[in-house]
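The file my_file.txt comes next; it holds compact mmCIF, C-alpha atoms and all ligand atoms.
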```
# COMPACT_ATOMS: atom_id res chain seq x y z
CA MET A 1 0.35 78.07 -12.09
CA THR A 2 -0.84 80.85 -14.37
CA PHE A 3 -4.31 82.35 -14.21
CA LYS A 4 -5.07 80.79 -17.58
CA GLU A 5 -4.09 77.27 -16.44
CA LEU A 6 -6.20 77.62 -13.32
CA TYR A 7 -9.18 79.01 -15.21
CA LEU A 8 -9.08 76.40 -17.98
CA SER A 9 -8.87 73.64 -15.39
CA GLY A 10 -11.88 75.02 -13.53
CA GLN A 11 -9.95 75.80 -10.37
CA ILE A 12 -10.89 79.48 -10.26
CA PRO A 13 -13.75 81.53 -11.73
CA PHE A 14 -12.90 84.14 -14.33
CA GLU A 15 -13.56 86.93 -11.84
CA GLU A 16 -10.42 85.87 -9.95
CA ILE A 17 -8.46 87.65 -12.66
CA ASP A 18 -8.58 90.89 -10.65
CA ARG A 19 -7.28 89.26 -7.51
CA TYR A 20 -4.62 87.51 -9.55
CA ILE A 21 -3.43 90.76 -11.08
CA SER A 22 -3.34 92.54 -7.74
CA ARG A 23 -0.69 90.05 -6.60
CA TRP A 24 1.80 91.78 -8.85
CA ASN A 25 3.22 95.22 -8.79
CA ARG A 26 0.49 97.52 -10.06
CA SER A 27 3.06 99.58 -11.90
CA ASP A 28 3.65 96.69 -14.30
CA ASP A 29 2.37 97.48 -17.75
CA GLU A 30 -0.47 95.42 -19.18
CA ARG A 31 1.75 93.48 -21.60
CA THR A 32 3.82 92.22 -18.69
CA LEU A 33 0.71 91.37 -16.70
CA ALA A 34 -0.65 89.43 -19.67
CA LYS A 35 2.50 87.27 -19.57
CA TYR A 36 1.95 86.58 -15.87
CA LEU A 37 -1.62 85.59 -16.65
CA GLY A 38 -0.30 83.08 -19.18
CA LEU A 39 -2.04 84.67 -22.17
CA ASN A 40 -0.84 84.06 -25.70
CA ALA A 41 -0.36 86.96 -28.16
CA ASP A 42 -3.94 86.91 -29.48
CA GLU A 43 -5.47 86.68 -26.00
CA GLU A 44 -3.18 89.46 -24.84
CA ASP A 45 -4.36 91.75 -27.65
CA VAL A 46 -8.01 91.00 -26.99
CA TRP A 47 -7.62 91.62 -23.26
CA ILE A 48 -5.72 94.88 -23.72
CA ASP A 49 -7.54 96.27 -26.75
CA ASP A 50 -11.01 95.04 -25.86
CA SER A 51 -12.18 93.88 -22.44
CA ASP A 52 -12.16 91.22 -19.74
CA GLU A 53 -15.41 89.87 -21.19
CA ALA A 54 -13.87 89.47 -24.65
CA LEU A 55 -10.97 87.56 -23.10
CA LYS A 56 -13.36 85.32 -21.19
CA GLU A 57 -15.27 84.59 -24.38
CA MET A 58 -12.02 83.67 -26.10
CA LEU A 59 -10.83 81.40 -23.29
CA ASP A 60 -14.21 79.72 -23.11
CA LYS A 61 -13.73 78.52 -26.67
CA ARG A 62 -10.64 76.58 -25.62
CA GLU A 63 -10.53 72.98 -24.53
CA ARG A 64 -11.15 72.60 -20.79
CA VAL A 65 -8.56 70.72 -18.78
CA ALA A 66 -9.64 67.92 -16.47
CA GLY A 67 -7.22 67.72 -13.54
CA THR A 68 -3.86 69.36 -12.98
CA PRO A 69 -2.84 71.46 -15.99
CA VAL A 70 0.57 71.70 -17.58
CA THR A 71 1.62 74.06 -20.38
CA LEU A 72 4.17 72.76 -22.86
CA GLY A 73 6.63 75.64 -22.94
CA LYS A 74 5.64 78.36 -25.35
CA THR A 75 3.48 76.10 -27.50
CA ASP A 76 0.34 77.21 -25.64
CA ILE A 77 -0.69 73.56 -25.49
CA ILE A 78 -2.36 73.17 -22.10
CA ILE A 79 -3.38 69.67 -21.08
CA ASN A 80 -3.61 67.65 -17.90
CA LYS A 81 -0.63 65.77 -16.54
CA ASN A 82 -1.72 62.50 -18.15
CA GLY A 83 -0.29 62.06 -21.59
CA PHE A 84 -1.11 58.78 -23.35
CA GLY A 85 2.02 56.94 -24.45
CA ALA A 86 0.90 54.90 -27.45
CA LEU A 87 3.86 52.52 -27.79
CA PRO A 88 2.27 49.55 -25.96
CA ILE A 89 -0.96 49.62 -28.00
CA GLN A 90 1.05 48.03 -30.81
CA ARG A 91 0.66 44.79 -28.90
CA ILE A 92 -3.16 44.74 -28.78
CA SER A 93 -5.90 44.61 -31.41
CA PHE A 94 -7.42 47.67 -33.09
CA ASP A 95 -10.64 47.27 -31.16
CA ASP A 96 -8.92 46.79 -27.81
CA ALA A 97 -6.77 49.84 -28.53
CA LYS A 98 -9.88 51.81 -29.36
CA VAL A 99 -11.42 50.91 -26.01
CA LEU A 100 -8.35 52.24 -24.20
CA LEU A 101 -7.95 55.38 -26.28
CA ARG A 102 -11.64 56.31 -26.03
CA LYS A 103 -11.72 55.63 -22.33
CA ALA A 104 -8.71 57.91 -21.87
CA TYR A 105 -10.29 60.59 -24.03
CA ASP A 106 -13.62 60.39 -22.21
CA ALA A 107 -11.80 60.84 -18.89
CA GLY A 108 -10.12 64.03 -20.13
CA VAL A 109 -6.80 62.84 -21.59
CA ARG A 110 -5.96 65.11 -24.51
CA PHE A 111 -2.32 64.40 -25.35
CA PHE A 112 -1.41 61.32 -27.37
CA ASP A 113 2.19 60.46 -28.18
CA THR A 114 3.09 57.94 -30.85
CA ALA A 115 5.81 57.33 -33.45
CA ARG A 116 6.21 56.17 -37.04
CA PHE A 117 8.46 53.48 -35.56
CA TYR A 118 5.66 52.02 -33.37
CA THR A 119 4.25 49.85 -36.20
CA ASP A 120 0.44 50.32 -36.23
CA SER A 121 0.16 52.64 -33.21
CA GLU A 122 -0.54 55.70 -35.38
CA GLU A 123 -3.21 53.82 -37.32
CA LYS A 124 -4.90 52.83 -34.07
CA ILE A 125 -5.00 56.45 -32.94
CA GLY A 126 -6.48 57.43 -36.29
CA TYR A 127 -9.00 54.61 -36.01
CA ALA A 128 -10.07 55.53 -32.48
CA LEU A 129 -9.86 59.29 -32.33
CA SER A 130 -10.22 60.85 -35.77
CA ASP A 131 -13.73 62.09 -35.00
CA VAL A 132 -12.42 64.11 -32.04
CA ARG A 133 -9.24 65.28 -33.76
CA GLU A 134 -9.81 68.97 -33.06
CA HIS A 135 -10.08 68.30 -29.32
CA ILE A 136 -6.80 66.43 -28.93
CA TYR A 137 -3.08 67.01 -29.39
CA ILE A 138 -1.07 64.45 -31.31
CA ALA A 139 2.69 64.12 -31.09
CA THR A 140 4.46 61.67 -33.37
CA LYS A 141 8.07 61.04 -34.36
CA THR A 142 10.34 60.25 -37.25
CA ALA A 143 13.64 58.42 -36.93
CA VAL A 144 14.83 59.06 -40.50
CA THR A 145 18.16 60.63 -41.36
CA THR A 146 17.36 62.20 -44.72
CA ALA A 147 14.99 64.93 -45.88
CA GLU A 148 13.51 62.56 -48.43
CA GLY A 149 12.72 60.06 -45.68
CA PHE A 150 11.29 62.87 -43.56
CA TRP A 151 8.59 63.71 -46.11
CA LYS A 152 7.76 60.06 -46.68
CA ASP A 153 7.38 59.46 -42.94
CA LEU A 154 5.34 62.61 -42.38
CA GLU A 155 2.91 61.78 -45.17
CA THR A 156 2.54 58.21 -43.85
CA SER A 157 1.91 59.49 -40.32
CA LEU A 158 -0.72 61.96 -41.50
CA HIS A 159 -2.41 59.22 -43.49
CA ASN A 160 -2.34 56.76 -40.58
CA LEU A 161 -3.53 59.31 -38.07
CA LYS A 162 -6.33 60.42 -40.43
CA THR A 163 -5.41 64.06 -40.03
CA ASP A 164 -3.82 66.85 -42.02
CA TYR A 165 -1.57 68.13 -39.25
CA VAL A 166 0.52 66.88 -36.36
CA ASP A 167 0.70 69.08 -33.27
CA ILE A 168 4.26 68.15 -32.33
CA TYR A 169 6.55 66.41 -34.81
CA GLN A 170 9.63 65.03 -33.11
CA PHE A 171 12.99 63.77 -34.25
CA HIS A 172 13.05 60.30 -32.72
CA ASN A 173 16.21 59.74 -30.67
CA PRO A 174 18.64 61.09 -33.29
CA ALA A 175 22.34 60.33 -32.80
CA VAL A 176 23.11 64.03 -33.46
CA CYS A 177 20.94 67.06 -32.78
CA PRO A 178 19.56 68.21 -36.16
CA LYS A 179 20.27 71.86 -36.90
CA PRO A 180 19.87 74.14 -39.91
CA GLY A 181 22.87 73.93 -42.21
CA ASP A 182 24.18 70.62 -40.83
CA GLY A 183 23.92 69.08 -44.29
CA SER A 184 21.17 66.59 -43.45
CA GLY A 185 18.34 68.91 -44.52
CA LEU A 186 16.25 67.54 -41.64
CA TYR A 187 15.69 70.72 -39.68
CA GLU A 188 14.97 72.64 -42.89
CA ALA A 189 12.34 69.99 -43.69
CA MET A 190 10.75 70.58 -40.28
CA LEU A 191 10.56 74.30 -40.99
CA GLU A 192 9.08 73.67 -44.42
CA ALA A 193 6.48 71.26 -42.95
CA LYS A 194 5.56 73.93 -40.41
CA GLU A 195 5.28 76.51 -43.16
CA GLN A 196 2.91 74.15 -45.01
CA GLY A 197 0.78 73.73 -41.87
CA LYS A 198 1.49 70.00 -41.65
CA ILE A 199 3.09 70.33 -38.25
CA ARG A 200 2.56 72.94 -35.55
CA PHE A 201 5.61 72.54 -33.34
CA ILE A 202 9.06 70.99 -33.56
CA GLY A 203 10.21 68.51 -30.95
CA ILE A 204 13.07 66.13 -30.27
CA THR A 205 13.27 62.96 -28.21
CA ASN A 206 16.42 61.43 -26.85
CA HIS A 207 18.01 59.09 -24.37
CA ARG A 208 21.40 60.80 -24.46
CA MET A 209 22.05 63.57 -22.02
CA SER A 210 24.50 65.45 -24.28
CA ILE A 211 22.04 65.63 -27.17
CA ALA A 212 19.19 66.71 -24.91
CA GLU A 213 21.36 69.47 -23.47
CA GLU A 214 22.43 70.54 -26.94
CA ALA A 215 18.80 70.67 -28.09
CA ILE A 216 17.85 72.92 -25.18
CA GLU A 217 20.81 75.23 -25.72
CA SER A 218 20.13 75.45 -29.46
CA GLY A 219 16.78 77.17 -28.96
CA LEU A 220 15.55 75.29 -32.04
CA TYR A 221 13.02 73.04 -30.33
CA ASP A 222 9.61 73.57 -28.77
CA THR A 223 9.68 70.34 -26.77
CA LEU A 224 12.10 67.76 -25.44
CA GLN A 225 11.03 64.21 -24.66
CA PHE A 226 13.37 62.42 -22.29
CA PRO A 227 13.22 59.50 -19.79
CA PHE A 228 12.23 60.91 -16.40
CA ASN A 229 11.16 59.33 -13.14
CA TYR A 230 12.28 59.14 -9.54
CA LEU A 231 15.39 57.24 -10.55
CA SER A 232 16.55 60.26 -12.55
CA THR A 233 19.90 61.76 -11.65
CA GLU A 234 20.50 65.36 -10.63
CA ARG A 235 21.72 66.08 -14.14
CA GLU A 236 18.50 64.65 -15.61
CA ILE A 237 16.38 66.68 -13.21
CA ALA A 238 18.37 69.73 -14.28
CA LEU A 239 17.20 69.04 -17.85
CA ALA A 240 13.57 69.46 -16.83
CA LYS A 241 14.44 72.70 -15.05
CA ALA A 242 16.45 73.96 -18.02
CA CYS A 243 13.42 73.34 -20.25
CA ALA A 244 11.31 75.51 -17.96
CA GLU A 245 13.91 78.27 -18.13
CA HIS A 246 14.13 78.04 -21.93
CA LYS A 247 10.32 77.95 -22.30
CA MET A 248 10.49 74.46 -23.79
CA GLY A 249 7.96 71.76 -23.08
CA PHE A 250 9.30 68.71 -21.21
CA ILE A 251 7.61 65.41 -22.04
CA ALA A 252 8.57 62.66 -19.63
CA MET A 253 8.81 59.14 -21.05
CA LYS A 254 9.67 55.96 -19.14
CA GLY A 255 7.84 57.16 -16.04
CA LEU A 256 7.70 53.56 -14.86
CA SER A 257 11.22 52.82 -16.10
CA GLY A 258 10.01 50.21 -18.56
CA GLY A 259 7.99 48.30 -15.94
CA LEU A 260 10.60 48.29 -13.16
CA LEU A 261 8.68 50.83 -11.08
CA THR A 262 5.33 49.46 -10.06
CA ASN A 263 3.82 51.95 -7.62
CA SER A 264 1.97 54.32 -9.95
CA ALA A 265 0.82 56.57 -7.08
CA ALA A 266 4.42 57.14 -6.02
CA ILE A 267 5.57 58.01 -9.51
CA TYR A 268 2.52 60.20 -10.13
CA ALA A 269 3.09 62.13 -6.91
CA TYR A 270 6.80 62.48 -7.71
CA MET A 271 6.07 63.88 -11.19
CA ALA A 272 3.55 66.34 -9.77
CA GLN A 273 6.39 68.20 -8.07
CA PHE A 274 7.63 69.37 -11.46
CA GLU A 275 5.14 71.90 -12.75
CA ASN A 276 6.41 71.93 -16.32
CA VAL A 277 6.68 68.16 -16.78
CA LEU A 278 4.13 66.25 -18.85
CA PRO A 279 4.34 62.51 -18.14
CA ILE A 280 3.16 60.16 -20.86
CA TRP A 281 2.01 56.84 -19.45
CA GLY A 282 2.50 53.82 -21.67
CA VAL A 283 -0.47 51.60 -20.99
CA GLN A 284 -1.60 48.37 -22.59
CA LYS A 285 -4.22 47.11 -20.14
CA GLU A 286 -7.43 48.75 -19.04
CA SER A 287 -6.55 48.20 -15.38
CA GLU A 288 -3.29 50.17 -15.84
CA LEU A 289 -5.16 52.97 -17.56
CA ASP A 290 -7.80 53.03 -14.82
CA GLU A 291 -5.10 53.65 -12.21
CA PHE A 292 -3.84 56.74 -14.00
CA LEU A 293 -7.30 58.00 -14.84
CA SER A 294 -8.30 57.76 -11.19
CA TYR A 295 -5.53 60.23 -10.35
CA ILE A 296 -6.98 62.95 -12.60
CA GLY A 297 -9.63 63.94 -10.08
CA ASN A 298 -7.80 62.57 -7.08
CA PRO A 299 -4.05 63.14 -7.42
CA PRO A 300 -2.00 61.19 -4.86
CA GLU A 301 0.00 63.25 -2.41
CA LEU A 302 3.64 62.60 -1.70
CA THR A 303 3.01 61.12 1.72
CA ASP A 304 5.71 59.65 3.98
CA GLU A 305 4.52 56.24 2.88
CA LEU A 306 5.07 57.02 -0.80
CA LYS A 307 8.37 58.72 -0.03
CA ALA A 308 9.48 55.47 1.61
CA VAL A 309 8.54 53.54 -1.57
CA ILE A 310 10.59 55.96 -3.63
CA GLU A 311 13.61 55.76 -1.34
CA LYS A 312 13.51 51.97 -1.34
CA ASP A 313 13.36 51.83 -5.15
CA GLN A 314 16.15 54.38 -5.44
CA LYS A 315 18.35 52.24 -3.22
CA GLU A 316 17.51 49.00 -5.00
CA LEU A 317 17.94 50.41 -8.48
CA ALA A 318 21.01 52.51 -7.86
CA GLY A 319 23.89 52.12 -10.27
CA GLU A 320 23.93 50.74 -13.76
CA PHE A 321 20.94 48.85 -15.03
CA CYS A 322 19.26 48.29 -18.37
CA ARG A 323 16.29 50.64 -18.91
CA GLY A 324 14.76 48.42 -21.57
CA CYS A 325 14.78 51.17 -24.19
CA GLY A 326 15.75 48.79 -27.01
CA TYR A 327 18.09 51.20 -28.78
CA CYS A 328 20.73 48.47 -28.94
CA MET A 329 18.44 46.28 -31.04
CA PRO A 330 18.07 44.42 -33.31
CA CYS A 331 20.73 41.97 -32.20
CA PRO A 332 22.26 39.87 -35.02
CA ALA A 333 21.95 36.80 -32.77
CA GLY A 334 18.25 37.50 -32.20
CA ILE A 335 18.61 38.15 -28.46
CA GLU A 336 15.76 40.15 -26.94
CA ILE A 337 18.26 42.41 -25.20
CA ASN A 338 15.80 44.94 -23.76
CA ASN A 339 14.30 42.27 -21.50
CA CYS A 340 17.12 39.74 -21.17
CA ALA A 341 19.64 42.34 -19.95
CA ARG A 342 17.41 43.26 -17.00
CA MET A 343 15.88 39.87 -16.29
CA SER A 344 17.07 39.77 -12.67
CA LEU A 345 15.13 42.95 -11.96
CA LEU A 346 12.07 41.88 -13.94
CA LEU A 347 11.90 38.57 -12.07
CA ARG A 348 11.95 40.31 -8.72
CA ARG A 349 9.91 43.41 -9.45
CA SER A 350 7.04 42.08 -11.59
CA PRO A 351 5.11 38.80 -11.94
CA SER A 352 7.82 36.28 -12.83
CA ALA A 353 5.72 33.45 -14.32
CA ARG A 354 5.82 34.61 -17.92
CA TYR A 355 9.59 35.12 -17.81
CA LEU A 356 10.10 31.61 -16.46
CA SER A 357 7.77 29.94 -18.99
CA PRO A 358 9.23 27.67 -21.72
CA GLU A 359 8.98 30.62 -24.12
CA GLY A 360 10.80 32.87 -21.65
CA GLN A 361 13.49 30.23 -21.15
CA ALA A 362 14.03 29.92 -24.90
CA LYS A 363 14.54 33.70 -25.12
CA MET A 364 17.11 33.65 -22.33
CA LYS A 365 18.91 30.64 -23.84
CA LYS A 366 19.58 32.76 -26.92
CA ILE A 367 22.15 34.65 -24.85
CA GLU A 368 24.39 31.61 -25.45
CA ASP A 369 24.40 32.58 -29.15
CA CYS A 370 25.93 36.01 -28.49
CA LEU A 371 28.50 36.80 -31.18
CA HIS A 372 30.27 39.40 -29.05
CA CYS A 373 30.05 41.76 -31.99
CA GLY A 374 29.87 44.78 -29.67
CA HIS A 375 26.93 46.37 -31.51
CA CYS A 376 24.71 46.58 -28.43
CA LYS A 377 27.43 48.09 -26.27
CA SER A 378 28.21 50.76 -28.84
CA MET A 379 24.53 51.69 -29.21
CA CYS A 380 23.53 51.84 -25.55
CA PRO A 381 22.85 55.49 -24.60
CA TYR A 382 23.54 54.62 -20.95
CA GLY A 383 27.05 53.36 -21.73
CA LEU A 384 26.31 49.87 -20.42
CA ASP A 385 28.52 46.88 -21.05
CA THR A 386 25.52 45.03 -22.47
CA PRO A 387 27.13 41.61 -23.25
CA LYS A 388 28.45 41.47 -19.68
CA LEU A 389 25.05 42.44 -18.32
CA LEU A 390 23.44 39.69 -20.40
CA GLU A 391 25.85 37.12 -19.03
CA GLU A 392 25.21 38.20 -15.43
CA ASN A 393 21.46 38.14 -15.90
CA TYR A 394 21.60 34.73 -17.58
CA LYS A 395 23.65 33.27 -14.72
CA ASP A 396 21.14 34.55 -12.16
CA TYR A 397 18.23 33.33 -14.31
CA LYS A 398 19.62 29.78 -14.47
CA GLU A 399 20.08 29.81 -10.71
CA VAL A 400 16.46 30.87 -10.25
CA LEU A 401 15.34 28.06 -12.55
CA ALA A 402 17.43 25.67 -10.45
CA GLY A 403 15.57 26.75 -7.34
CA LYS A 404 17.18 29.95 -6.04
CA ARG A 405 14.56 31.94 -4.17
CA LEU A 406 13.40 35.21 -5.66
S1 LIG B 1 27.30 41.61 -28.61
FE1 LIG B 1 25.90 39.87 -28.51
S2 LIG B 1 24.06 40.67 -27.62
FE2 LIG B 1 25.23 42.42 -28.33
S3 LIG B 1 24.45 42.82 -30.40
FE3 LIG B 1 26.25 41.49 -30.61
S4 LIG B 1 25.39 39.43 -30.65
FE4 LIG B 1 23.77 40.76 -29.83
S1 LIG B 2 21.27 47.65 -22.96
FE1 LIG B 2 21.14 49.89 -23.12
S2 LIG B 2 20.31 50.26 -25.16
FE2 LIG B 2 19.93 48.13 -24.70
S3 LIG B 2 17.86 48.10 -23.87
FE3 LIG B 2 19.27 48.25 -22.13
S4 LIG B 2 19.48 50.43 -21.72
FE4 LIG B 2 18.57 50.25 -23.74
```
Please render this file's structure as structure tokens.
Amino acid sequence: MTFKELYLSGQIPFEEIDRYISRWNRSDDERTLAKYLGLNADEEDVWIDDSDEALKEMLDKRERVAGTPVTLGKTDIIINKNGFGALPIQRISFDDAKVLLRKAYDAGVRFFDTARFYTDSEEKIGYALSDVREHIYIATKTAVTTAEGFWKDLETSLHNLKTDYVDIYQFHNPAVCPKPGDGSGLYEAMLEAKEQGKIRFIGITNHRMSIAEEAIESGLYDTLQFPFNYLSTEREIALAKACAEHKMGFIAMKGLSGGLLTNSAAIYAYMAQFENVLPIWGVQKESELDEFLSYIGNPPELTDELKAVIEKDQKELAGEFCRGCGYCMPCPAGIEINNCARMSLLLRRSPSARYLSPEGQAKMKKIEDCLHCGHCKSMCPYGLDTPKLLEENYKDYKEVLAGKRL
């Protein structure tokens, strides 16, 4: 961790700066030392041209970090390792969402990730947090494919969020990595929006490895958002490391793999091993939020017990399974693919009652209406044979209904 991260998170007093510097070769020039300290260009100038005191004064004006800090690449956004994933708050009322968002904010959460695509999620953030806008970081996303759509989405997001700027504006799971001169005008629109002060940094989210790798290599993006948890493959872990090398922020979505991983302490401790990774936790219930908030001041360690949980899950969830991302939807036959294609896992890894209810049964029965159009299979970023997976899950489901033990 840099001196700045440690100081802003209250782990060392400012005076430790001398001891910190003495760790490095004293022949290093001050500009190099400033980089080691984690200072941005303005802080570097103040420290070199003025004094330690002036630097302290400058840092003291910044937002303090409760808990373990993480810096998002070269954005100079420093927050704790608890981002708020605002997808699930679509499913609760404005007032219930406000309770969650304020509780998170009061406990020190400062990073909120939403998307234009998440229906009223942006509006709920605007409703709950507009009075503390200057103390938080907001990341949102656009899934459009034209420059015209880009501006429409951005203006809608700013309106909904009750703000005049977005900290990180992300291309939402694009099928190709937008670049200047690719003919879409999308990346040029990002640059123009940045020029106008409507966005501060440019990000991209994806579920496809090749596009994530291309985005990192391109050097065009400040952040990458990608699914990441202890089921991630070596190649996916390499993505997080590549982001660190390229000074890009890495925002980890699907930390709980869409509800398949249930031990939050295990996943939290796993994530903590990656210094540059910011997990965003998608929470809908206060009890879920409370679990994550409790880790801010008391982060779980990766004990043998938690390692055993991780190993067991890795064994059970090895191979091909549906992550519930929903990128294959909508289905022309109205099948709720993102749950139906992983029903066997959901039944065994989370409370099964709601999936076995009459409503749940009706949703599964829809699999019989599959048109075998192939749309879902062609859209799945994990290359799954989705219709086959649906059939397998439906067969197992019917057996469970008939009495097979879970
Ligand atoms: S193949 Fe079946 S499940 Fe997949 S999109 Fe077509 S109708 Fe829906
Ligand atoms: S089948 Fe693929 S695209 Fe569809 S929800 Fe599952 S993982 Fe996502």
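Using only C-alpha atoms, the shortest contact distance between Ser218 in chain A and any of A:Ile204, A:Ala269, A:Ala34, A:Leu260 is found at A:Ile204.
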Could you check which of A:Ala147, A:Leu261, A:Ala212, A:Ala189 is closest to Val309 in chain A, using only C-alpha atoms?
A:Leu261
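Shortest atom-to-atom contact with ligand LIG 2 (chain B) among A:Arg19, A:Arg110, A:Arg323, A:Lys56: A:Arg323, counting all atoms listed in the file.
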Nearest to Ser93 in chain A, chosen from A:Ala265, A:Ile79, A:Ile199, A:Ile125, with all atoms listed in the file counted in the distances:
A:Ile125
Box for range 76-85 of chain A - axis-aligned, 5 Å on each of the six sides, all listed atoms - centre and size in Å to one decimal, as AutoDock Vina command-line options.
```
--center_x -0.8 --center_y 67.1 --center_z -21.1 --size_x 15.6 --size_y 30.3 --size_z 19.1
```
Emit range 79-126 of chain A of the structure in the block as a file comprising C-alpha atoms, as an mmCIF file, in the first residue's frame.
```
data_model
loop_
_atom_site.group_PDB
_atom_site.id
_atom_site.type_symbol
_atom_site.label_atom_id
_atom_site.label_comp_id
_atom_site.auth_asym_id
_atom_site.auth_seq_id
_atom_site.Cartn_x
_atom_site.Cartn_y
_atom_site.Cartn_z
ATOM 1 C CA ILE A 79 -12.078 4.143 -1.510
ATOM 2 C CA ASN A 80 -12.492 1.150 0.747
ATOM 3 C CA LYS A 81 -12.892 -2.341 -0.660
ATOM 4 C CA ASN A 82 -16.680 -2.207 -0.413
ATOM 5 C CA GLY A 83 -18.266 -0.886 -3.554
ATOM 6 C CA PHE A 84 -22.072 -0.813 -3.622
ATOM 7 C CA GLY A 85 -23.473 -2.691 -6.606
ATOM 8 C CA ALA A 86 -26.816 -1.016 -7.282
ATOM 9 C CA LEU A 87 -28.391 -3.578 -9.624
ATOM 10 C CA PRO A 88 -30.525 -5.356 -6.979
ATOM 11 C CA ILE A 89 -32.065 -2.142 -5.608
ATOM 12 C CA GLN A 90 -34.247 -2.115 -8.726
ATOM 13 C CA ARG A 91 -36.319 -4.748 -6.969
ATOM 14 C CA ILE A 92 -37.138 -2.720 -3.835
ATOM 15 C CA SER A 93 -39.008 0.521 -3.181
ATOM 16 C CA PHE A 94 -37.405 3.975 -3.255
ATOM 17 C CA ASP A 95 -37.613 4.269 0.501
ATOM 18 C CA ASP A 96 -36.187 0.810 1.153
ATOM 19 C CA ALA A 97 -33.373 1.559 -1.289
ATOM 20 C CA LYS A 98 -32.692 4.810 0.523
ATOM 21 C CA VAL A 99 -32.351 2.964 3.826
ATOM 22 C CA LEU A 100 -29.727 0.661 2.308
ATOM 23 C CA LEU A 101 -27.817 3.357 0.451
ATOM 24 C CA ARG A 102 -27.696 5.693 3.462
ATOM 25 C CA LYS A 103 -26.684 2.902 5.779
ATOM 26 C CA ALA A 104 -23.836 2.007 3.429
ATOM 27 C CA TYR A 105 -22.797 5.634 3.156
ATOM 28 C CA ASP A 106 -22.897 6.164 6.914
ATOM 29 C CA ALA A 107 -20.661 3.117 7.378
ATOM 30 C CA GLY A 108 -18.052 4.550 4.988
ATOM 31 C CA VAL A 109 -19.003 3.114 1.582
ATOM 32 C CA ARG A 110 -18.121 5.719 -1.034
ATOM 33 C CA PHE A 111 -18.307 3.922 -4.374
ATOM 34 C CA PHE A 112 -21.682 3.302 -6.004
ATOM 35 C CA ASP A 113 -22.005 1.429 -9.285
ATOM 36 C CA THR A 114 -25.172 1.526 -11.338
ATOM 37 C CA ALA A 115 -26.250 1.480 -14.995
ATOM 38 C CA ARG A 116 -28.745 3.130 -17.326
ATOM 39 C CA PHE A 117 -29.953 -0.413 -17.997
ATOM 40 C CA TYR A 118 -30.882 -1.039 -14.319
ATOM 41 C CA THR A 119 -34.315 0.619 -14.650
ATOM 42 C CA ASP A 120 -34.754 2.989 -11.660
ATOM 43 C CA SER A 121 -31.470 2.214 -9.877
ATOM 44 C CA GLU A 122 -29.895 5.544 -10.889
ATOM 45 C CA GLU A 123 -32.974 7.444 -9.714
ATOM 46 C CA LYS A 124 -32.783 5.711 -6.351
ATOM 47 C CA ILE A 125 -29.155 6.738 -5.948
ATOM 48 C CA GLY A 126 -30.086 10.308 -6.838
#
```
